[in-house]
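The file target38.cif comes next; it holds mmCIF, N, CA, C and O atoms.
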```cif
data_query
#
loop_
_atom_site.label_atom_id
_atom_site.label_comp_id
_atom_site.auth_asym_id
_atom_site.auth_seq_id
_atom_site.Cartn_x
_atom_site.Cartn_y
_atom_site.Cartn_z
N MET A 26 0.84 -1.18 0.00
CA MET A 26 0.00 0.00 0.00
C MET A 26 0.88 1.25 0.00
O MET A 26 1.81 1.35 0.78
N ARG A 27 0.57 2.19 -0.87
CA ARG A 27 1.35 3.42 -0.97
C ARG A 27 0.85 4.44 0.04
O ARG A 27 -0.34 4.53 0.31
N MET A 28 1.79 5.21 0.54
CA MET A 28 1.42 6.30 1.45
C MET A 28 0.96 7.50 0.63
O MET A 28 1.42 7.71 -0.48
N LYS A 29 0.06 8.26 1.21
CA LYS A 29 -0.35 9.49 0.57
C LYS A 29 0.82 10.47 0.61
O LYS A 29 1.57 10.51 1.57
N ARG A 30 0.93 11.28 -0.40
CA ARG A 30 2.01 12.25 -0.46
C ARG A 30 1.63 13.55 0.23
O ARG A 30 2.47 14.34 0.58
N ARG A 31 0.35 13.78 0.41
CA ARG A 31 -0.10 15.03 1.00
C ARG A 31 -0.83 14.79 2.30
O ARG A 31 -1.41 13.74 2.53
N ALA A 32 -0.81 15.80 3.13
CA ALA A 32 -1.57 15.75 4.37
C ALA A 32 -3.05 15.99 4.04
O ALA A 32 -3.36 16.75 3.13
N PRO A 33 -3.96 15.35 4.77
CA PRO A 33 -5.40 15.56 4.53
C PRO A 33 -5.84 16.90 5.11
O PRO A 33 -6.47 16.98 6.16
N ARG A 34 -5.53 17.97 4.41
CA ARG A 34 -5.69 19.32 4.95
C ARG A 34 -7.12 19.67 5.30
O ARG A 34 -7.39 20.18 6.38
N SER A 35 -8.05 19.40 4.41
CA SER A 35 -9.44 19.80 4.69
C SER A 35 -10.00 19.00 5.86
O SER A 35 -10.72 19.54 6.70
N THR A 36 -9.64 17.73 5.95
CA THR A 36 -10.11 16.90 7.06
C THR A 36 -9.55 17.41 8.37
O THR A 36 -10.27 17.52 9.37
N LEU A 37 -8.27 17.75 8.39
CA LEU A 37 -7.65 18.27 9.61
C LEU A 37 -8.29 19.58 10.04
O LEU A 37 -8.57 19.78 11.23
N ARG A 38 -8.54 20.46 9.10
CA ARG A 38 -9.16 21.74 9.44
C ARG A 38 -10.56 21.54 10.01
O ARG A 38 -10.96 22.21 10.97
N LYS A 39 -11.32 20.59 9.45
CA LYS A 39 -12.67 20.30 9.96
C LYS A 39 -12.61 19.76 11.38
O LYS A 39 -13.41 20.13 12.23
N ILE A 40 -11.66 18.87 11.64
CA ILE A 40 -11.52 18.30 12.99
C ILE A 40 -11.14 19.37 14.00
O ILE A 40 -11.71 19.44 15.09
N ILE A 41 -10.20 20.23 13.63
CA ILE A 41 -9.78 21.30 14.54
C ILE A 41 -10.94 22.24 14.80
O ILE A 41 -11.21 22.61 15.95
N LYS A 42 -11.67 22.60 13.76
CA LYS A 42 -12.81 23.52 13.92
C LYS A 42 -13.91 22.88 14.78
O LYS A 42 -14.59 23.57 15.54
N LYS A 43 -14.09 21.56 14.65
CA LYS A 43 -15.12 20.87 15.43
C LYS A 43 -14.79 20.92 16.92
O LYS A 43 -15.66 21.15 17.75
N HIS A 44 -13.51 20.72 17.25
CA HIS A 44 -13.11 20.68 18.65
C HIS A 44 -12.85 22.06 19.25
O HIS A 44 -13.03 22.27 20.44
N LYS A 45 -12.41 22.99 18.43
CA LYS A 45 -12.12 24.34 18.90
C LYS A 45 -12.72 25.36 17.93
O LYS A 45 -12.01 26.01 17.16
N PRO A 46 -14.04 25.54 17.93
CA PRO A 46 -14.66 26.43 16.94
C PRO A 46 -14.28 27.90 17.13
O PRO A 46 -14.39 28.68 16.19
N GLN A 47 -13.80 28.27 18.30
CA GLN A 47 -13.46 29.67 18.55
C GLN A 47 -12.11 30.06 17.95
O GLN A 47 -11.79 31.23 17.87
N LEU A 48 -11.32 29.10 17.49
CA LEU A 48 -10.00 29.40 16.94
C LEU A 48 -10.08 29.81 15.48
O LEU A 48 -10.86 29.26 14.71
N ARG A 49 -9.27 30.77 15.14
CA ARG A 49 -9.07 31.12 13.73
C ARG A 49 -7.70 30.58 13.35
O ARG A 49 -6.70 30.90 13.98
N LEU A 50 -7.67 29.77 12.33
CA LEU A 50 -6.44 29.08 11.97
C LEU A 50 -5.64 29.86 10.94
O LEU A 50 -6.19 30.40 9.99
N ALA A 51 -4.33 29.87 11.14
CA ALA A 51 -3.44 30.42 10.14
C ALA A 51 -3.43 29.46 8.95
O ALA A 51 -3.89 28.31 9.05
N ALA A 52 -2.90 29.89 7.85
CA ALA A 52 -2.94 29.11 6.62
C ALA A 52 -2.23 27.75 6.76
O ALA A 52 -2.66 26.77 6.17
N ASN A 53 -1.19 27.69 7.56
CA ASN A 53 -0.42 26.45 7.66
C ASN A 53 -0.61 25.72 8.99
O ASN A 53 0.12 24.79 9.29
N ALA A 54 -1.59 26.09 9.77
CA ALA A 54 -1.79 25.46 11.08
C ALA A 54 -2.11 23.98 10.96
O ALA A 54 -1.62 23.16 11.74
N ASP A 55 -2.89 23.60 9.97
CA ASP A 55 -3.23 22.20 9.78
C ASP A 55 -1.99 21.37 9.44
O ASP A 55 -1.85 20.24 9.89
N LEU A 56 -1.05 21.96 8.69
CA LEU A 56 0.18 21.25 8.38
C LEU A 56 1.04 21.04 9.63
O LEU A 56 1.68 20.00 9.78
N LEU A 57 1.03 22.01 10.52
CA LEU A 57 1.78 21.86 11.77
C LEU A 57 1.17 20.78 12.66
O LEU A 57 1.89 20.03 13.31
N VAL A 58 -0.15 20.70 12.68
CA VAL A 58 -0.82 19.63 13.44
C VAL A 58 -0.45 18.28 12.85
O VAL A 58 -0.13 17.33 13.58
N HIS A 59 -0.46 18.18 11.53
CA HIS A 59 -0.10 16.93 10.87
C HIS A 59 1.36 16.55 11.14
O HIS A 59 1.67 15.39 11.42
N LEU A 60 2.25 17.53 11.09
CA LEU A 60 3.65 17.29 11.39
C LEU A 60 3.82 16.81 12.83
O LEU A 60 4.57 15.87 13.09
N ASN A 61 3.12 17.44 13.75
CA ASN A 61 3.19 17.05 15.15
C ASN A 61 2.71 15.60 15.32
O ASN A 61 3.31 14.81 16.06
N PHE A 62 1.65 15.24 14.63
CA PHE A 62 1.15 13.86 14.67
C PHE A 62 2.19 12.88 14.14
O PHE A 62 2.44 11.84 14.73
N LEU A 63 2.81 13.22 13.01
CA LEU A 63 3.82 12.33 12.42
C LEU A 63 5.03 12.17 13.34
O LEU A 63 5.58 11.08 13.47
N LEU A 64 5.44 13.27 13.98
CA LEU A 64 6.56 13.19 14.93
C LEU A 64 6.21 12.31 16.12
O LEU A 64 7.03 11.51 16.58
N PHE A 65 4.98 12.44 16.61
CA PHE A 65 4.54 11.59 17.72
C PHE A 65 4.52 10.12 17.30
O PHE A 65 4.99 9.25 18.02
N LEU A 66 3.98 9.85 16.12
CA LEU A 66 3.90 8.48 15.63
C LEU A 66 5.29 7.87 15.45
O LEU A 66 5.52 6.71 15.80
N HIS A 67 6.22 8.67 14.96
CA HIS A 67 7.60 8.20 14.78
C HIS A 67 8.23 7.88 16.14
O HIS A 67 8.89 6.85 16.31
N ARG A 68 8.02 8.76 17.11
CA ARG A 68 8.57 8.52 18.45
C ARG A 68 7.95 7.29 19.09
O ARG A 68 8.65 6.48 19.72
N LEU A 69 6.65 7.11 18.91
CA LEU A 69 5.98 5.92 19.44
C LEU A 69 6.54 4.65 18.82
O LEU A 69 6.81 3.67 19.53
N ALA A 70 6.77 4.67 17.52
CA ALA A 70 7.32 3.50 16.83
C ALA A 70 8.74 3.19 17.32
O ALA A 70 9.09 2.03 17.54
N GLU A 71 9.55 4.23 17.50
CA GLU A 71 10.91 4.03 17.98
C GLU A 71 10.93 3.45 19.40
O GLU A 71 11.69 2.55 19.71
N GLU A 72 10.08 4.00 20.26
CA GLU A 72 9.99 3.51 21.64
C GLU A 72 9.51 2.06 21.67
O GLU A 72 10.01 1.24 22.44
N ALA A 73 8.51 1.74 20.83
CA ALA A 73 8.00 0.37 20.77
C ALA A 73 9.08 -0.58 20.26
O ALA A 73 9.21 -1.70 20.77
N ARG A 74 9.86 -0.14 19.29
CA ARG A 74 10.95 -0.97 18.77
C ARG A 74 12.00 -1.22 19.85
O ARG A 74 12.51 -2.33 20.01
N THR A 75 12.31 -0.18 20.62
CA THR A 75 13.26 -0.32 21.72
C THR A 75 12.74 -1.30 22.76
O THR A 75 13.49 -2.15 23.27
N ASN A 76 11.45 -1.19 23.10
CA ASN A 76 10.85 -2.11 24.07
C ASN A 76 10.91 -3.55 23.57
O ASN A 76 11.21 -4.47 24.33
N ALA A 77 10.63 -3.76 22.29
CA ALA A 77 10.70 -5.11 21.73
C ALA A 77 12.12 -5.64 21.78
O ALA A 77 12.35 -6.81 22.12
N PHE A 78 13.10 -4.80 21.45
CA PHE A 78 14.50 -5.21 21.48
C PHE A 78 14.93 -5.59 22.89
O PHE A 78 15.62 -6.58 23.10
N GLU A 79 14.50 -4.78 23.88
CA GLU A 79 14.86 -5.07 25.27
C GLU A 79 14.25 -6.37 25.76
O GLU A 79 14.81 -7.04 26.62
N ASN A 80 13.09 -6.72 25.22
CA ASN A 80 12.42 -7.98 25.58
C ASN A 80 12.87 -9.14 24.68
O ASN A 80 12.25 -10.20 24.70
N LYS A 81 13.91 -8.91 23.90
CA LYS A 81 14.48 -9.91 23.00
C LYS A 81 13.44 -10.46 22.03
O LYS A 81 13.39 -11.66 21.75
N SER A 82 12.61 -9.57 21.53
CA SER A 82 11.58 -9.94 20.57
C SER A 82 11.92 -9.31 19.23
O SER A 82 12.31 -8.15 19.15
N LYS A 83 11.77 -10.10 18.16
CA LYS A 83 12.03 -9.57 16.83
C LYS A 83 10.79 -8.93 16.23
O LYS A 83 10.87 -8.30 15.19
N ILE A 84 9.66 -9.10 16.90
CA ILE A 84 8.40 -8.56 16.41
C ILE A 84 7.88 -7.55 17.43
O ILE A 84 7.89 -7.81 18.64
N ILE A 85 7.42 -6.42 16.94
CA ILE A 85 6.80 -5.43 17.83
C ILE A 85 5.38 -5.89 18.09
O ILE A 85 4.56 -6.00 17.16
N LYS A 86 5.09 -6.17 19.34
CA LYS A 86 3.77 -6.67 19.74
C LYS A 86 2.95 -5.54 20.36
O LYS A 86 3.51 -4.50 20.73
N PRO A 87 1.64 -5.74 20.47
CA PRO A 87 0.79 -4.69 21.06
C PRO A 87 1.25 -4.23 22.44
O PRO A 87 1.17 -3.05 22.76
N GLU A 88 1.75 -5.15 23.25
CA GLU A 88 2.20 -4.76 24.60
C GLU A 88 3.42 -3.84 24.55
O GLU A 88 3.60 -3.00 25.43
N HIS A 89 4.24 -3.98 23.51
CA HIS A 89 5.38 -3.06 23.35
C HIS A 89 4.90 -1.65 23.02
O HIS A 89 5.44 -0.67 23.53
N ILE A 90 3.87 -1.56 22.18
CA ILE A 90 3.32 -0.26 21.82
C ILE A 90 2.63 0.39 23.01
O ILE A 90 2.79 1.59 23.27
N ILE A 91 1.88 -0.41 23.78
CA ILE A 91 1.19 0.13 24.96
C ILE A 91 2.20 0.63 25.98
O ILE A 91 2.03 1.71 26.56
N ALA A 92 3.26 -0.14 26.19
CA ALA A 92 4.30 0.28 27.14
C ALA A 92 4.98 1.56 26.65
O ALA A 92 5.28 2.46 27.45
N ALA A 93 5.20 1.66 25.35
CA ALA A 93 5.82 2.87 24.79
C ALA A 93 4.90 4.06 24.97
O ALA A 93 5.35 5.16 25.32
N ALA A 94 3.60 3.88 24.75
CA ALA A 94 2.64 4.98 24.89
C ALA A 94 2.59 5.46 26.34
O ALA A 94 2.49 6.65 26.60
N LYS A 95 2.67 4.52 27.28
CA LYS A 95 2.68 4.90 28.70
C LYS A 95 3.97 5.61 29.07
O LYS A 95 3.98 6.47 29.94
N GLY A 96 5.05 5.25 28.39
CA GLY A 96 6.35 5.85 28.69
C GLY A 96 6.51 7.26 28.13
O GLY A 96 7.28 8.05 28.65
N ILE A 97 5.79 7.54 27.06
CA ILE A 97 5.89 8.88 26.47
C ILE A 97 5.01 9.82 27.27
O ILE A 97 3.82 9.65 27.37
N GLN A 98 5.64 10.80 27.87
CA GLN A 98 4.89 11.75 28.69
C GLN A 98 4.23 12.77 27.79
O GLN A 98 4.74 13.12 26.73
N MET A 99 3.10 13.25 28.25
CA MET A 99 2.43 14.32 27.51
C MET A 99 3.31 15.55 27.57
O MET A 99 3.74 15.97 28.63
N ILE A 100 3.58 16.11 26.42
CA ILE A 100 4.46 17.28 26.33
C ILE A 100 3.59 18.53 26.35
O ILE A 100 2.66 18.66 25.60
N THR A 101 3.91 19.42 27.25
CA THR A 101 3.13 20.65 27.35
C THR A 101 3.63 21.68 26.36
O THR A 101 4.75 21.59 25.85
N THR A 102 2.83 22.66 26.09
CA THR A 102 3.21 23.68 25.12
C THR A 102 4.37 24.52 25.61
O THR A 102 5.06 25.13 24.81
N GLU A 103 4.63 24.54 26.91
CA GLU A 103 5.74 25.34 27.44
C GLU A 103 7.10 24.76 27.09
O GLU A 103 8.08 25.48 26.97
N ASN A 104 7.20 23.43 26.93
CA ASN A 104 8.52 22.85 26.70
C ASN A 104 8.62 22.09 25.38
O ASN A 104 9.50 21.28 25.20
N CYS A 105 7.76 22.37 24.45
CA CYS A 105 7.79 21.68 23.16
C CYS A 105 7.92 22.68 22.04
O CYS A 105 7.05 23.51 21.84
N ARG A 106 9.01 22.61 21.31
CA ARG A 106 9.25 23.56 20.23
C ARG A 106 8.16 23.49 19.16
O ARG A 106 7.66 24.50 18.69
N THR A 107 7.75 22.27 18.79
CA THR A 107 6.73 22.11 17.77
C THR A 107 5.42 22.72 18.24
O THR A 107 4.73 23.40 17.48
N CYS A 108 5.08 22.48 19.49
CA CYS A 108 3.83 23.03 20.02
C CYS A 108 3.87 24.55 20.07
O CYS A 108 2.86 25.20 19.83
N CYS A 109 5.04 25.11 20.35
CA CYS A 109 5.17 26.56 20.37
C CYS A 109 4.96 27.14 18.98
O CYS A 109 4.33 28.18 18.82
N HIS A 110 5.50 26.46 17.97
CA HIS A 110 5.26 26.91 16.60
C HIS A 110 3.78 26.81 16.26
O HIS A 110 3.23 27.69 15.62
N LEU A 111 3.16 25.74 16.70
CA LEU A 111 1.74 25.56 16.44
C LEU A 111 0.94 26.64 17.15
O LEU A 111 0.04 27.24 16.56
N ARG A 112 1.29 26.91 18.40
CA ARG A 112 0.57 27.92 19.16
C ARG A 112 0.70 29.29 18.51
O ARG A 112 -0.25 30.06 18.45
N SER A 113 1.88 29.59 17.96
CA SER A 113 2.05 30.88 17.31
C SER A 113 1.32 30.92 15.98
O SER A 113 0.94 31.99 15.51
N ALA A 114 1.11 29.76 15.34
CA ALA A 114 0.40 29.73 14.07
C ALA A 114 -1.11 29.88 14.27
O ALA A 114 -1.80 30.36 13.39
N LEU A 115 -1.60 29.45 15.41
CA LEU A 115 -3.02 29.57 15.68
C LEU A 115 -3.35 30.99 16.11
O LEU A 115 -2.65 31.58 16.92
N TYR A 116 -4.37 31.51 15.58
CA TYR A 116 -4.79 32.86 15.93
C TYR A 116 -6.04 32.74 16.78
O TYR A 116 -7.08 32.30 16.30
N LEU A 117 -5.93 33.05 18.05
CA LEU A 117 -7.06 32.90 18.96
C LEU A 117 -8.03 34.05 18.77
O LEU A 117 -7.72 35.20 19.07
N GLN A 118 -9.17 33.73 18.27
CA GLN A 118 -10.16 34.75 17.98
C GLN A 118 -10.62 35.46 19.26
O GLN A 118 -10.79 36.66 19.29
N SER A 119 -10.77 34.70 20.33
CA SER A 119 -11.28 35.29 21.56
C SER A 119 -10.32 36.33 22.15
O SER A 119 -10.75 37.29 22.78
N GLU A 120 -9.01 36.17 21.92
CA GLU A 120 -8.04 37.10 22.48
C GLU A 120 -7.65 38.21 21.51
O GLU A 120 -7.32 39.31 21.94
N HIS A 121 -7.67 37.93 20.22
CA HIS A 121 -7.13 38.87 19.26
C HIS A 121 -8.13 39.46 18.29
O HIS A 121 -7.75 40.25 17.45
N SER A 122 -9.37 39.05 18.36
CA SER A 122 -10.32 39.57 17.38
C SER A 122 -10.69 41.01 17.71
O SER A 122 -10.78 41.38 18.87
N PRO A 123 -10.90 41.80 16.69
CA PRO A 123 -11.29 43.18 16.94
C PRO A 123 -12.70 43.21 17.54
O PRO A 123 -13.54 42.39 17.20
N LYS A 124 -12.91 44.13 18.44
CA LYS A 124 -14.21 44.23 19.09
C LYS A 124 -15.20 44.92 18.16
O LYS A 124 -14.87 45.89 17.50
N PRO A 125 -16.41 44.36 18.05
CA PRO A 125 -17.40 44.96 17.17
C PRO A 125 -17.83 46.35 17.69
O PRO A 125 -17.92 46.57 18.89
N GLU A 126 -18.06 47.25 16.77
CA GLU A 126 -18.44 48.62 17.17
C GLU A 126 -19.92 48.83 16.99
O GLU A 126 -20.59 48.28 16.25
#
```

Is it possible to give me this structure as structure tokens?
Amino acid sequence: MRMKRRAPRSTLRKIIKKHKPQLRLAANADLLVHLNFLLFLHRLAEEARTNAFENKSKIIKPEHIIAAAKGIQMITTENCRTCCHLRSALYLQSEHSPKPE
């Protein structure tokens, strides 16, 4: 199966709008969300591979992935460079929108 070459931009924008309708998105905010997801998925795969190797297993099993997911701490926006870029790309309507006259 071939991987898609592009990020599902319209789908990502719809999901973000559904969960945070008050946000106004910059033009590339959906790409940053997609990049953040891919980085997380890569880190999860690497951690699961390490767990499998430590357990002397040649196959990554579901328990290796679950252990890796538990080991990866939630990264806050204060200490994550990617999240900071994402936060700067998002335009918060509630804080920055002009007041109606």

Atomic distance atom N of Leu66 in chain A - atom N of Thr36 in chain A, expressed in Å with one decimal: 18.7 Å

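Using only N, CA, C and O atoms, the contacts of Lys86 in chain A at a cut-off of 8 Å, with sequence neighbours closer than 4 positions omitted, comprise A:Ala73, A:Arg74, A:Asn76, A:Ala77, A:Ser82, A:Ile90, A:Ile91, A:Ala92, A:Ala93.
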
For CA of Ile40 in chain A and CA of Leu63 in chain A, quote the distance in Å rounded to one decimal. 16.5 Å

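Computed from the coordinates, the atom O of Arg30 in chain A to CA of Ala51 in chain A distance equals 19.6 Å.
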
Go through A:Ala94, A:Leu48, A:Leu56, A:Ile84 one by one, measure the shortest atom-to-atom distance of each to Arg68 in chain A using only N, CA, C and O atoms, and give the residue with the smallest value.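 Using only N, CA, C and O atoms, Arg68 in chain A sits closest to A:Ala94.
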
Taking the chain letters and numbering used in this document, name the residues of range 38-100 of chain A that DSSP puts in helix (DSSP H, G or I), as number ranges by chain. A: 38-44, 54-79, 87-96

Quick one: residues within 8 Å of Ser35 in chain A, only N, CA, C and O atoms counted, chain neighbours fewer than 6 positions away excluded, as a VMD selection string? chain A and resid 41 to 42 55
